[in-house]
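Asker: Before I ask anything, let me first share the structure, which is written out below as structure tokens.
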Amino acid sequence: MENMAETEGLRTKSTLICAPIMADTVDQMLLHMNSAKSSGADLVEIRFDSLKGSGTHEDIKTLIESCPLPTLFTYRPTWEGGQYDGDEQSRLAALKLAMELGADHIDVELQAVDEFKNLTRGDKPTKCKLIVSSHNYQNTPSLEDLESLVARIQSTGADIVKIATMAVDITDVARIFHVTAHSQVPIISMAMGERGLISRLLSPKFGGYLTFATLGRGKESAPGQPTIRDLLDVFNFRQIAPDTKVYGIIGKPVGHSKSPMLYNKAFRSIGFNGVYVHLLVDNVKNFLETYSSTDYAGFSCTIPHKEAVVECCDEVDPVAKSIGAVNCVIRRQDDGKLYGCNTDYVGAITAIEDGLRASGVQDGSNGSPLAGRLFVVIGAGGAGKALAYGAKAKGARIVIANRTYERARELAEIIGGKALSLADLSTYNPEDGMILANTTSIGMQPNFDETPVSKEALKSYALVFDAVYTPKITRLLREAGECGALIVTGVEMFIGQAYEQYEKFTGLPAPKELFREIMAKY
């Protein structure tokens, strides 16, 4: 048992970043190894099966001896998802040679390990760690099956256990986290595919031995691998520890979201112990029930889950309940209960209030410059509802304008306001100094030349807001500015709702300047 202490050491070290190296030639592999080192990887996986033609013993020697980083030597056969389809004896002999030539790790498949041990008669240099691996490209088995798989691998005498499964649903990853956290030996574990991304990002939280990350997009050796750059720069991988709180954006699709970049940069700037990840969720109820620990501390919620998540919360802010949509969920740290609110409207209303105050408009007796103002909302969908409720709460008088008058009338009745058809808006000017808020997609790229209301009508408005933020300055905003109105862009709303969520997540004031800088770049 002399290596027990050493094994313990492996369990407690921080999770390593391993760059898989796949290339047609040895020279290309050597170039990639140097890129891996300069990108910040800790070791490389030499995927010997990716070489075109059959690799020679000389190639193995060159690759191991010239590598600027520690090595993991893998010679994956087709029957385990690799590219080698030659005879087994030569493959095992190559693995044995890599071990003798100084590879720091070798990966031998569970199905082949007995034969490999017969070949080596159990002899192994001390510096070489034997990884015994199992890959399942279909699904992620039950917890019981995963535990017995880990036990089987462990019983082969593996120094390090490796299991890779396929995530069919994001809830599958919870079982991977469970076996990782409870493993008695060093373990490499991941759920492949986009739904399994968090198994790779959060590996340090559960004590994984290493995680695989690529040199660039398109260089993946398995589905769902992030890039080394994203791991280090977007997700602050080196700062993730067992007590790090997890936040994320729940959506489908979700990969395009800029939120992780925004929140993680802010977390990092103040040393806040949290990480914010993409969460590709099919069923929001199952997701929240599976990840029920207080370590999963807060979520942003986007299309298509904003309505469904209302039912999943233990408590919902009255405004969010009235709107019928939640875009921010907080898990209370004392009792684990879920609290849902809607920061979409706060973002827009705050931006509008700030715009008015900056131009010298005084706050009303209720503390808002919107008090008593006539506030015209274009659109009666989710965003229109949210803005109408928000403005009403600030003491404004509400008018809803919509293409179909019927929808406008329904919302106006619920909210206590007036309804107009969009066509009538162009001749509607009962008073000067009104506020206009467009919540429809009129004027959004590629329809740059569309606008919901004639330029002539804009002269009655003191301020015009547009929720569309691609382009930042829509035709509506351009013409409003030409008429002398204050303008507020949709980018302000995006940043505003993010401030609000950041403060709810962290209990700290949002770094507004930093958020602005980041958004200005993108």
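Residue names in the structure tokens use chain letters A, B, ... in the order shown, residue numbers from 1 in each chain, and ligand numbers from 1 in the order shown.
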Do you know which residues are at most 9 Å from A:Ile17 counting only C-alpha atoms, after dropping those on the same chain fewer than 6 positions away, and could you put them as JSON, numbers by chain?
Answerer: {"A": [40, 41, 42, 43, 44, 210, 211, 212, 213, 228, 231]}
Asker: For the selection just defined, write its residues with N, CA and C atoms to a file, as a tab-separated table (two decimals), in the first residue's frame.
Answerer:
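Below is the file that was written, part.tsv:
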```tsv
chain	number	residue	atom	x	y	z
A	40	GLY	N	-1.66	27.48	-21.89
A	40	GLY	CA	-1.90	27.28	-20.46
A	40	GLY	C	-2.33	25.88	-20.04
A	41	ALA	N	-2.21	24.90	-20.96
A	41	ALA	CA	-2.54	23.51	-20.59
A	41	ALA	C	-1.49	22.96	-19.62
A	42	ASP	N	-1.88	21.97	-18.80
A	42	ASP	CA	-0.95	21.35	-17.85
A	42	ASP	C	-0.29	20.10	-18.42
A	43	LEU	N	-1.00	19.42	-19.32
A	43	LEU	CA	-0.45	18.22	-19.96
A	43	LEU	C	-1.13	18.03	-21.30
A	44	VAL	N	-0.58	17.14	-22.13
A	44	VAL	CA	-1.22	16.86	-23.41
A	44	VAL	C	-1.54	15.38	-23.51
A	210	LEU	N	-8.51	15.48	-14.07
A	210	LEU	CA	-8.23	16.41	-15.17
A	210	LEU	C	-9.48	16.62	-15.99
A	211	THR	N	-9.46	17.66	-16.81
A	211	THR	CA	-10.54	17.88	-17.78
A	211	THR	C	-9.88	18.13	-19.13
A	212	PHE	N	-10.56	17.73	-20.21
A	212	PHE	CA	-10.00	17.92	-21.55
A	212	PHE	C	-10.49	19.24	-22.14
A	213	ALA	N	-9.57	20.02	-22.71
A	213	ALA	CA	-9.95	21.26	-23.37
A	213	ALA	C	-9.08	21.44	-24.60
A	228	ILE	N	-9.36	25.72	-24.34
A	228	ILE	CA	-8.53	26.08	-23.18
A	228	ILE	C	-8.77	27.56	-22.85
A	231	LEU	N	-12.04	28.05	-21.04
A	231	LEU	CA	-11.93	27.49	-19.69
A	231	LEU	C	-11.23	28.49	-18.76
```
Asker: Where in stretch 174-361 of chain A does DSSP assign alpha helix (DSSP H), given as JSON, numbers by chain?
Answerer: {"A": [174, 175, 176, 177, 178, 179, 180, 181, 182, 197, 198, 199, 200, 201, 203, 204, 205, 206, 228, 229, 259, 260, 261, 262, 263, 264, 265, 266, 267, 268, 269, 270, 284, 285, 286, 287, 288, 289, 290, 318, 319, 320, 321, 322, 323, 344, 345, 346, 347, 348, 349, 350, 351, 352, 353, 354, 355, 356, 357, 358]}
Asker: Pick out the closest residue to A:Pro511 from this set: A:Arg268, A:Lys337, A:Arg175, A:Lys394. Count only C-alpha atoms.
Answerer: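 Looking at the shortest contact to A:Pro511, the residue is A:Arg268.
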Asker: Let's see if you can do this: from backbone DSSP, list all strand (DSSP E or B) residues in stretch 374-460 of chain A, as a PyMOL selection string.
Answerer: chain A and resi 374-378+397-402+418-421+434-438
Asker: Just to be explicit: take each residue in the selection above, keep C-alpha atoms, and write the result as a PDB file, in the first residue's frame.
Answerer:
```
ATOM      1  CA  LEU A 374     -48.232  59.399 -19.806  1.00  0.00           C
ATOM      2  CA  PHE A 375     -46.302  56.215 -20.727  1.00  0.00           C
ATOM      3  CA  VAL A 376     -47.060  54.622 -24.110  1.00  0.00           C
ATOM      4  CA  VAL A 377     -46.037  50.973 -24.552  1.00  0.00           C
ATOM      5  CA  ILE A 378     -45.909  49.496 -28.070  1.00  0.00           C
ATOM      6  CA  ARG A 397     -50.433  56.522 -16.576  1.00  0.00           C
ATOM      7  CA  ILE A 398     -50.371  53.675 -19.125  1.00  0.00           C
ATOM      8  CA  VAL A 399     -51.402  53.465 -22.785  1.00  0.00           C
ATOM      9  CA  ILE A 400     -50.962  50.177 -24.675  1.00  0.00           C
ATOM     10  CA  ALA A 401     -50.639  50.332 -28.470  1.00  0.00           C
ATOM     11  CA  ASN A 402     -50.650  47.100 -30.452  1.00  0.00           C
ATOM     12  CA  LYS A 418     -55.980  52.930 -22.211  1.00  0.00           C
ATOM     13  CA  ALA A 419     -55.707  50.866 -25.440  1.00  0.00           C
ATOM     14  CA  LEU A 420     -54.934  51.991 -28.992  1.00  0.00           C
ATOM     15  CA  SER A 421     -54.292  50.249 -32.297  1.00  0.00           C
ATOM     16  CA  MET A 434     -44.918  61.696 -22.999  1.00  0.00           C
ATOM     17  CA  ILE A 435     -42.710  58.577 -22.785  1.00  0.00           C
ATOM     18  CA  LEU A 436     -42.649  55.962 -25.600  1.00  0.00           C
ATOM     19  CA  ALA A 437     -41.370  52.394 -25.185  1.00  0.00           C
ATOM     20  CA  ASN A 438     -41.181  49.958 -28.118  1.00  0.00           C
TER      21      ASN A 438
END
```
Asker: Write out as a list in words the residues lying within 10 Å of A:Phe287, counting only C-alpha atoms and excluding same-chain residues fewer than 6 positions away.
Answerer: Asp169, Ile170, Thr171, Asp172, Ala174, Ile250, Leu279, Leu280 and Val281 of chain A
Asker: Of the residues A:Ser426, A:Thr56, A:Gln501, A:Ser269, which is the one nearest to A:Asn342, using only C-alpha atoms?
Answerer: A:Gln501
Asker: Record the distance separating atom CA of A:Cys67 and atom CA of A:Pro223, expressed in Å with one decimal.
Answerer: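 Separating atom CA of A:Cys67 from atom CA of A:Pro223 is a distance of 25.3 Å.
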Asker: Do a neighbour search on stretch 195-208 of chain A at 8 Å with only C-alpha atoms, toss out local chain neighbours closer than 2 positions, and write the hits as a PyMOL selection string.
Answerer: chain A and resi 11-12+14-15+166-170+172-173+176-177+180-181+186-193+210-212+224-226+231+235+237+240-244+277-281
Asker: So how many Å separate atom CA of A:Gln333 and atom CA of A:Pro253, to one decimal?
Answerer: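 These two atoms are separated by 28.7 Å.
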Asker: Point out the residue among A:His105, A:His178, A:His57, A:Lys162 with the least atom-to-atom distance to A:Lys129, counting only C-alpha atoms.
Answerer: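 With only C-alpha atoms as the atom set, the closest residue is A:His105.
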Asker: Quick one: everything within 9 Å of A:Glu307, counting only C-alpha atoms, minus sequence neighbours fewer than 5 positions away in the same chain. Send it as number ranges by chain.
Answerer: A: 324-327
Asker: Using only C-alpha atoms for the distances, tell me which of A:Ser322, A:Ser292, A:Gln445, A:Ser221 is nearest to A:Gln83.
Answerer: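 Of A:Ser322, A:Ser292, A:Gln445, A:Ser221, the one nearest A:Gln83, counting only C-alpha atoms, is A:Ser221.
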Asker: What gap, in Å, lies between atom CA of A:Leu97 and atom CA of A:Ser35?
Answerer: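 Atom CA of A:Ser35 lies 25.6 Å from atom CA of A:Leu97.
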Asker: Quick one: residues within 9 Å of A:Thr489, only C-alpha atoms counted, chain neighbours fewer than 2 positions away excluded, as number ranges by chain?
Answerer: A: 351, 464-469, 472-474, 477, 487, 491-493
Asker: Could those selected residues go to a file with N, CA, C and O atoms, as a CSV table (one decimal), in the first residue's frame?
Answerer:
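What landed in part18.csv:
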```csv
chain,number,residue,atom,x,y,z
A,351,ALA,N,-33.4,52.3,-16.7
A,351,ALA,CA,-32.7,53.1,-17.8
A,351,ALA,C,-33.5,54.3,-18.2
A,351,ALA,O,-32.9,55.4,-18.5
A,464,VAL,N,-37.8,58.5,-25.7
A,464,VAL,CA,-38.2,57.3,-26.5
A,464,VAL,C,-37.2,56.2,-26.2
A,464,VAL,O,-36.0,56.4,-26.2
A,465,PHE,N,-37.7,55.0,-25.8
A,465,PHE,CA,-36.9,53.8,-25.5
A,465,PHE,C,-37.3,52.7,-26.5
A,465,PHE,O,-38.4,52.5,-26.9
A,466,ASP,N,-36.2,51.9,-26.9
A,466,ASP,CA,-36.4,50.8,-27.8
A,466,ASP,C,-35.8,49.6,-27.2
A,466,ASP,O,-34.6,49.6,-27.0
A,467,ALA,N,-36.5,48.5,-27.0
A,467,ALA,CA,-36.0,47.3,-26.5
A,467,ALA,C,-35.1,46.5,-27.4
A,467,ALA,O,-34.3,45.7,-27.1
A,468,VAL,N,-35.2,46.8,-28.7
A,468,VAL,CA,-34.4,46.2,-29.8
A,468,VAL,C,-32.9,46.7,-29.5
A,468,VAL,O,-32.7,47.9,-29.4
A,469,TYR,N,-31.9,45.8,-29.5
A,469,TYR,CA,-30.6,46.3,-29.4
A,469,TYR,C,-29.7,45.8,-30.5
A,469,TYR,O,-28.4,46.0,-30.4
A,472,LYS,N,-28.0,48.9,-32.4
A,472,LYS,CA,-28.2,49.7,-31.1
A,472,LYS,C,-29.0,50.9,-31.3
A,472,LYS,O,-29.9,51.2,-30.5
A,473,ILE,N,-28.8,51.6,-32.5
A,473,ILE,CA,-29.6,52.8,-32.8
A,473,ILE,C,-30.6,52.4,-33.9
A,473,ILE,O,-30.2,52.2,-35.1
A,474,THR,N,-31.8,52.2,-33.6
A,474,THR,CA,-32.9,51.8,-34.6
A,474,THR,C,-33.3,53.0,-35.3
A,474,THR,O,-33.1,54.1,-34.9
A,477,LEU,N,-35.2,55.2,-32.9
A,477,LEU,CA,-34.4,56.1,-32.0
A,477,LEU,C,-33.7,57.2,-32.8
A,477,LEU,O,-33.6,58.3,-32.3
A,487,ILE,N,-33.1,59.7,-26.0
A,487,ILE,CA,-33.3,58.3,-26.4
A,487,ILE,C,-32.6,57.3,-25.4
A,487,ILE,O,-31.5,57.7,-24.9
A,491,VAL,N,-29.6,48.2,-25.3
A,491,VAL,CA,-28.4,47.7,-24.6
A,491,VAL,C,-28.5,48.1,-23.1
A,491,VAL,O,-28.1,47.4,-22.2
A,492,GLU,N,-29.1,49.3,-22.9
A,492,GLU,CA,-29.2,49.8,-21.5
A,492,GLU,C,-30.1,48.8,-20.7
A,492,GLU,O,-29.9,48.5,-19.5
A,493,MET,N,-31.2,48.2,-21.4
A,493,MET,CA,-32.1,47.3,-20.8
A,493,MET,C,-31.3,46.0,-20.4
A,493,MET,O,-31.4,45.4,-19.3
```
Asker: If we count only C-alpha atoms, what is near stretch 146-152 of chain A at a cut-off of 10 Å, once residues fewer than 2 positions away on the same chain are taken out, given as a list of chain:residue names?
Answerer: A:Leu110, A:Val132, A:Ser133, A:Ser134, A:Thr140, A:Pro141, A:Ser142, A:Leu143, A:Glu144, A:Gln154, A:Ser155, A:Thr156, A:Gly157, A:Ala158, A:Val161, A:Lys162, A:Ile163, A:Thr165, A:Arg175, A:Ile176, A:His178, A:Val179, A:Thr180, A:His182, A:Ser183, A:Gln184, A:Val185, A:Ile187
Asker: Name the closest residue to A:Leu92 among the candidates A:Ala388, A:Leu119, A:Ile415, A:Leu69; distances are taken between atoms, counting only C-alpha atoms.
Answerer: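 Distance minimum relative to A:Leu92 lands on A:Leu119.
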Asker: Hey, which of A:Glu65, A:Asp344, A:Glu450, A:Glu410 ends up closest to A:Ile495? Count only C-alpha atoms.
Answerer: A:Asp344
